[in-house]
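J.: Take this structure, written in structure tokens, and hold onto it; I'll ask about it next.
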Amino acid sequence: MTAQGPTIQVLFSSEAIAGRIEALAKGVGQLGLQDILIVPILKGSFIFAADLIRAMHRAGLTPEVDFLSLASYGEAERSSGTVRVVRDIESDVRGRSVLIVDDILESGRTLAFAKDLLEQRGATRVLTCVLLDKKVPRSVPFTADFAAFECPNEFVVGYGMDLAHRYRELPFVGRLVRAEGPSGGHDGTNPFSR
């Protein structure tokens with residue numbers, strides 16, 4: 001990939017991700033939630049959510065699934081700070097337990113927005129599950145109920161996460177590293193870090 005773009009350094013391998021997903025599914029199963037609705041936040045969580053839902057099936061759960069598409073990034077590397085609904089769920093959440101699934105917890109805005117939205121609609125319990133928990137100062141106070149990994153303060157791609165719609169297909173999570181040279185990055189800093 002260096003001839004066409006930055007090098008990608010693996011942070012979390014596909015094997016490590018698979019192991020953590022099985023553990024997360026078992027953890028959710030131990031809660032004994034009835035009539036649970038899984039709500040992946042699109043687009044970044046789609047691969048993680050699909051693998052998690054299959055792991056939940058192996059753990060004996062039979063969740064329903066609906067999708068919520070929210071936007072705060074567009075094609076930028078930094079969030080705009082404003083969360084908007086692009087595609088809403090169709091399911092009635094009144095009286096139900098809901099598990100929101102997202103790719104990364106960073107500012108907290110997206111997950112706080114989604115959780116508030118579903119609570120306002122009458123969900124009995126709203127939990128959150130993220131692939132990556134980036135330990136950075138949050139824009140809003142928020143802690144995920146379930147997290148597969150703590151993520152370093154790096155811009156990450158792969159396993160559903162992208163940079164301008166690229167790199168989603170990678171079976172691992174990695175960080176972008178610009179090659180040394182006159183274009184920058186030679187000082188060891190990551191020009192893609194958020």
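Letters A, B, ... mark the chains of the structure tokens in the order given; residue numbers begin at 1 per chain; ligand numbers begin at 1, in order shown.
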List the neighbours of Tyr167 (chain A) out to 12 Å using only C-alpha atoms; skip same-chain residues closer than 4 positions along the sequence, and give me the result as a PyMOL selection string.

T.: chain A and resi 1+5-8+44+156-163+171-176

J.: So that I can check the surroundings of Asp133 (chain A), please list as a list in words every protein, DNA and RNA residue that reaches within 8 Å of it, counting only C-alpha atoms and ignoring chain neighbours fewer than 3 positions away.

T.: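 Surrounding residues, per the criterion: Ile104, Leu105, Glu106, Val130, Ala144, Ala147, Ala148, Phe149, Glu150 and Cys151 of chain A.
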
J.: Those selected residues, please, written with C-alpha atoms and delivered as a JSON list (two decimals), in the first residue's frame.

T.:
```
[["chain", "number", "residue", "atom", "x", "y", "z"],
["A", 104, "ILE", "CA", -15.16, 3.47, 18.28],
["A", 105, "LEU", "CA", -15.84, 5.55, 21.37],
["A", 106, "GLU", "CA", -13.92, 8.77, 21.08],
["A", 130, "VAL", "CA", -17.83, -0.68, 21.07],
["A", 144, "ALA", "CA", -19.30, 2.15, 27.09],
["A", 147, "ALA", "CA", -15.53, -2.58, 24.86],
["A", 148, "ALA", "CA", -13.35, -5.04, 22.99],
["A", 149, "PHE", "CA", -10.11, -3.03, 23.17],
["A", 150, "GLU", "CA", -8.62, 0.19, 24.49],
["A", 151, "CYS", "CA", -7.32, 2.11, 21.51]]
```

J.: Apply DSSP to the backbone of this structure and, from region 46-108 of chain A, keep only the residues in alpha helix (DSSP H); write these as an mmCIF file with N, CA and C atoms, in the first residue's frame.

T.:
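Produced file selection_6.cif, reproduced below:
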```cif
data_model
loop_
_atom_site.group_PDB
_atom_site.id
_atom_site.type_symbol
_atom_site.label_atom_id
_atom_site.label_comp_id
_atom_site.auth_asym_id
_atom_site.auth_seq_id
_atom_site.Cartn_x
_atom_site.Cartn_y
_atom_site.Cartn_z
ATOM 1 N N PHE A 46 -20.412 -1.879 10.871
ATOM 2 C CA PHE A 46 -21.131 -2.972 10.208
ATOM 3 C C PHE A 46 -20.416 -4.311 10.278
ATOM 4 N N ILE A 47 -19.112 -4.353 10.148
ATOM 5 C CA ILE A 47 -18.401 -5.634 10.216
ATOM 6 C C ILE A 47 -18.365 -6.137 11.654
ATOM 7 N N PHE A 48 -18.040 -5.263 12.585
ATOM 8 C CA PHE A 48 -18.029 -5.620 13.999
ATOM 9 C C PHE A 48 -19.405 -6.119 14.434
ATOM 10 N N ALA A 49 -20.453 -5.409 14.055
ATOM 11 C CA ALA A 49 -21.815 -5.789 14.447
ATOM 12 C C ALA A 49 -22.192 -7.150 13.877
ATOM 13 N N ALA A 50 -21.869 -7.403 12.617
ATOM 14 C CA ALA A 50 -22.200 -8.699 12.002
ATOM 15 C C ALA A 50 -21.512 -9.841 12.741
ATOM 16 N N ASP A 51 -20.237 -9.675 13.048
ATOM 17 C CA ASP A 51 -19.512 -10.723 13.773
ATOM 18 C C ASP A 51 -20.032 -10.877 15.199
ATOM 19 N N LEU A 52 -20.380 -9.766 15.840
ATOM 20 C CA LEU A 52 -20.915 -9.824 17.204
ATOM 21 C C LEU A 52 -22.275 -10.518 17.241
ATOM 22 N N ILE A 53 -23.120 -10.219 16.286
ATOM 23 C CA ILE A 53 -24.455 -10.841 16.238
ATOM 24 C C ILE A 53 -24.336 -12.352 16.013
ATOM 25 N N ARG A 54 -23.435 -12.773 15.148
ATOM 26 C CA ARG A 54 -23.210 -14.213 14.946
ATOM 27 C C ARG A 54 -22.656 -14.869 16.210
ATOM 28 N N ALA A 55 -21.780 -14.156 16.919
ATOM 29 C CA ALA A 55 -21.253 -14.683 18.183
ATOM 30 C C ALA A 55 -22.362 -14.770 19.230
ATOM 31 N N MET A 56 -23.294 -13.828 19.216
ATOM 32 C CA MET A 56 -24.430 -13.886 20.137
ATOM 33 C C MET A 56 -25.289 -15.115 19.840
ATOM 34 N N HIS A 57 -25.459 -15.418 18.576
ATOM 35 C CA HIS A 57 -26.207 -16.626 18.196
ATOM 36 C C HIS A 57 -25.509 -17.857 18.768
ATOM 37 N N ARG A 58 -24.194 -17.923 18.620
ATOM 38 C CA ARG A 58 -23.443 -19.066 19.170
ATOM 39 C C ARG A 58 -23.551 -19.122 20.689
#
```

J.: For Phe142 (chain A), which residue among A:Ala16, A:Ala25, A:Ala114, A:Ala164 is the nearest when counting only C-alpha atoms?

T.: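 For Phe142 (chain A), the nearest of the candidates is A:Ala114.
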
J.: Do you know which residues are at most 7 Å from Leu37 (chain A) counting only C-alpha atoms, after dropping those on the same chain fewer than 4 positions away, and could you put them as a list in words?

T.: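 Result of the neighbour search: Pro63, Glu64, Val65, Ser97, Val98 and Leu99 of chain A.
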
J.: Given the choices A:Ser107, A:Ser72, A:Thr124, A:Thr82, which gets closest to Ile36 (chain A) if the distance is worked out from only C-alpha atoms?

T.: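 Closest candidate: A:Thr124.
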
J.: Would you pick out the contacts of Ile89 (chain A) at 7 Å or less, using only C-alpha atoms, so that residues sharing its chain but fewer than 6 positions from it are not included, and give the list as JSON, numbers by chain?

T.: {"A": [66, 67, 68]}
